[in-house]
Amino acid sequence: NYEHFYEVVELHNTWSSLAGISLFGLIGLWKGNPTQEWRYFLGYFILFLIGVGSAGLHGTLHWVFQSSDELPMIYLVTLMNFMTVEVDSPHGKPKYPLLPLILNILMVANTLIYFTFQHLYLVFIATNTFASTYHAYLMYTTVFKHNKGGVTSRNLCKAFQVSYLGGFIFWLLDMFHCDYSVLGKGMTFHVLWHFGAGFGGYLGLVTLENCRVVALNMKCEIAYVLGFVPYVKLLDEKRD
């Protein structure tokens with residue numbers, strides 16, 4: 001802590017939060033949301049906020065920024081669960097009209113529970129694990145079992161899983177070696193966690209976008225920013 005600057009507690013964890021998480025949210029806000037629906041705008045915006053909150057947490061170690069890092073993670077997974085169950089519903093005709101209201105009520109309740117038990121880190125871990133596990137089940141059912149989005153969505157989903165799980169492994173390693181600069185210059189495995197989780201979350205959103213576009217019979221292709229960051233590009237703006 002304070003190895004490089006007196007103003008920043010964990011320098012490398014701070015910049016990697018912005019470069020490894022928020023940057024992908026910004027790319028999504030710039031190039032994503034081919035169907036022009038609020039769900040995808042909110043998804044990328046929350047991803048951006050997670051990086052900002054994480055940077056604030058690592059830069060100050062203040063509890064306020066801890067909540068602005070952890071709560072949006074749960075919000076994003078919940079939103080992605082909504083995207084998955086509504087992936088093939090017609091524009092303006094959701095299969096579950098009351099689901100947004102129900103999920104908003106659940107998130108308010110979750111926020112109250114979070115602040116009540118914020119001193120118990122396991123409460124957040126348990127909540128996020130449950131939501132993420134359910135999301136993994138929904139993604140598997142949608143992308144692999146029901147083949148929504150075809151080969152493209154399957155490949156994107158595989159990349160999403162590799163990136164996020166790879167980052168998670170580095171998070172686990174960092175839990176046991178956080179006092180060691182294993183990457184040099186004061187950097188720990190937590191830096192790799194940020195990039196793996198941020199890129200993985202971004203790829204998860206792109207996977208669901210591709211599923212949605214295909215379900216709506218919109219012509220599209222996968223294009224790239226910076227040569228490796230994929231996004232769904234429409235070939236025909238006309239909607240059937």
# chains A, B, ... in the order shown; residues from 1 in each chain; ligands from 1
>>> select_by_dssp(residues="segment 3-238 of chain A", states="helix (DSSP H, G or I)", output="PyMOL selection string")
chain A and resi 11-31+38-60+63-85+99-116+121-145+150-177+190-215
>>> residues_around(residues="segment 73-82 of chain A", least_positions_apart="4", cutoff="9 Å", atoms="only C-alpha atoms", output="ChimeraX atom specification")
/A:39-40,42-44,46-47,50,68-69,86-87,99-100,103,107,110,124,127-128,131-132,134-135,138-139,201,204-205,208
>>> residues_around(residues="Gly196 of chain A", least_positions_apart="3", cutoff="8 Å", atoms="only C-alpha atoms", output="ChimeraX atom specification")
/A:20,163-168,192-193,199-200
>>> write_last_selection(atoms="C-alpha atoms", output="tab-separated table (two decimals), in the first residue's frame")
chain	number	residue	atom	x	y	z
A	20	GLY	CA	-9.60	-3.76	-17.29
A	163	SER	CA	-11.85	-15.02	-19.54
A	164	TYR	CA	-13.97	-14.83	-16.39
A	165	LEU	CA	-12.93	-18.17	-14.91
A	166	GLY	CA	-9.28	-17.41	-15.72
A	167	GLY	CA	-9.62	-14.11	-13.90
A	168	PHE	CA	-11.34	-15.86	-11.00
A	192	LEU	CA	-5.18	-10.00	-13.90
A	193	TRP	CA	-8.47	-10.59	-12.10
A	199	PHE	CA	-13.40	-8.65	-20.45
A	200	GLY	CA	-15.42	-11.69	-19.44
>>> residues_around(residues="Cys220 of chain A", least_positions_apart="2", cutoff="12 Å", atoms="only C-alpha atoms", output="list in words")
Pro34, Thr35, Gly149, Thr152, Glu209, Asn210, Cys211, Arg212, Val213, Val214, Ala215, Leu216, Asn217, Met218, Ile222, Ala223, Tyr231, Val232, Lys233, Leu234, Leu235, Asp236, Glu237, Lys238 and Arg239 of chain A
>>> closest_residue(among="A:Asn104, A:Thr133, A:Ser54, A:Gln66", to="Tyr121 of chain A", atoms="only C-alpha atoms")
A:Gln66
>>> residues_around(residues="Leu226 of chain A", least_positions_apart="3", cutoff="12 Å", atoms="only C-alpha atoms", output="list in words")
Leu23, Phe24, Ile27, Ala223, Val229, Pro230 and Tyr231 of chain A
>>> write_last_selection(atoms="N, CA and C atoms", output="mmCIF file, in the first residue's frame")
data_model
loop_
_atom_site.group_PDB
_atom_site.id
_atom_site.type_symbol
_atom_site.label_atom_id
_atom_site.label_comp_id
_atom_site.auth_asym_id
_atom_site.auth_seq_id
_atom_site.Cartn_x
_atom_site.Cartn_y
_atom_site.Cartn_z
ATOM 1 N N LEU A 23 -13.088 0.370 -19.140
ATOM 2 C CA LEU A 23 -12.821 0.558 -20.567
ATOM 3 C C LEU A 23 -13.739 -0.301 -21.422
ATOM 4 N N PHE A 24 -13.970 -1.546 -21.000
ATOM 5 C CA PHE A 24 -14.855 -2.428 -21.773
ATOM 6 C C PHE A 24 -16.299 -1.946 -21.706
ATOM 7 N N ILE A 27 -16.484 0.797 -24.258
ATOM 8 C CA ILE A 27 -16.525 0.249 -25.628
ATOM 9 C C ILE A 27 -17.924 -0.255 -25.944
ATOM 10 N N ALA A 223 -17.708 -7.709 -35.504
ATOM 11 C CA ALA A 223 -16.597 -6.827 -35.851
ATOM 12 C C ALA A 223 -15.732 -6.629 -34.609
ATOM 13 N N VAL A 229 -11.402 -6.919 -29.487
ATOM 14 C CA VAL A 229 -12.617 -6.732 -28.688
ATOM 15 C C VAL A 229 -13.827 -6.819 -29.620
ATOM 16 N N PRO A 230 -14.624 -7.892 -29.526
ATOM 17 C CA PRO A 230 -15.724 -8.079 -30.473
ATOM 18 C C PRO A 230 -16.951 -7.247 -30.117
ATOM 19 N N TYR A 231 -17.727 -6.937 -31.131
ATOM 20 C CA TYR A 231 -19.045 -6.332 -30.923
ATOM 21 C C TYR A 231 -19.950 -6.752 -32.067
#
>>> residues_around(residues="His12 of chain A", least_positions_apart="4", cutoff="9 Å", atoms="only C-alpha atoms", output="PyMOL selection string")
chain A and resi 16-17+58+185-188+190-191
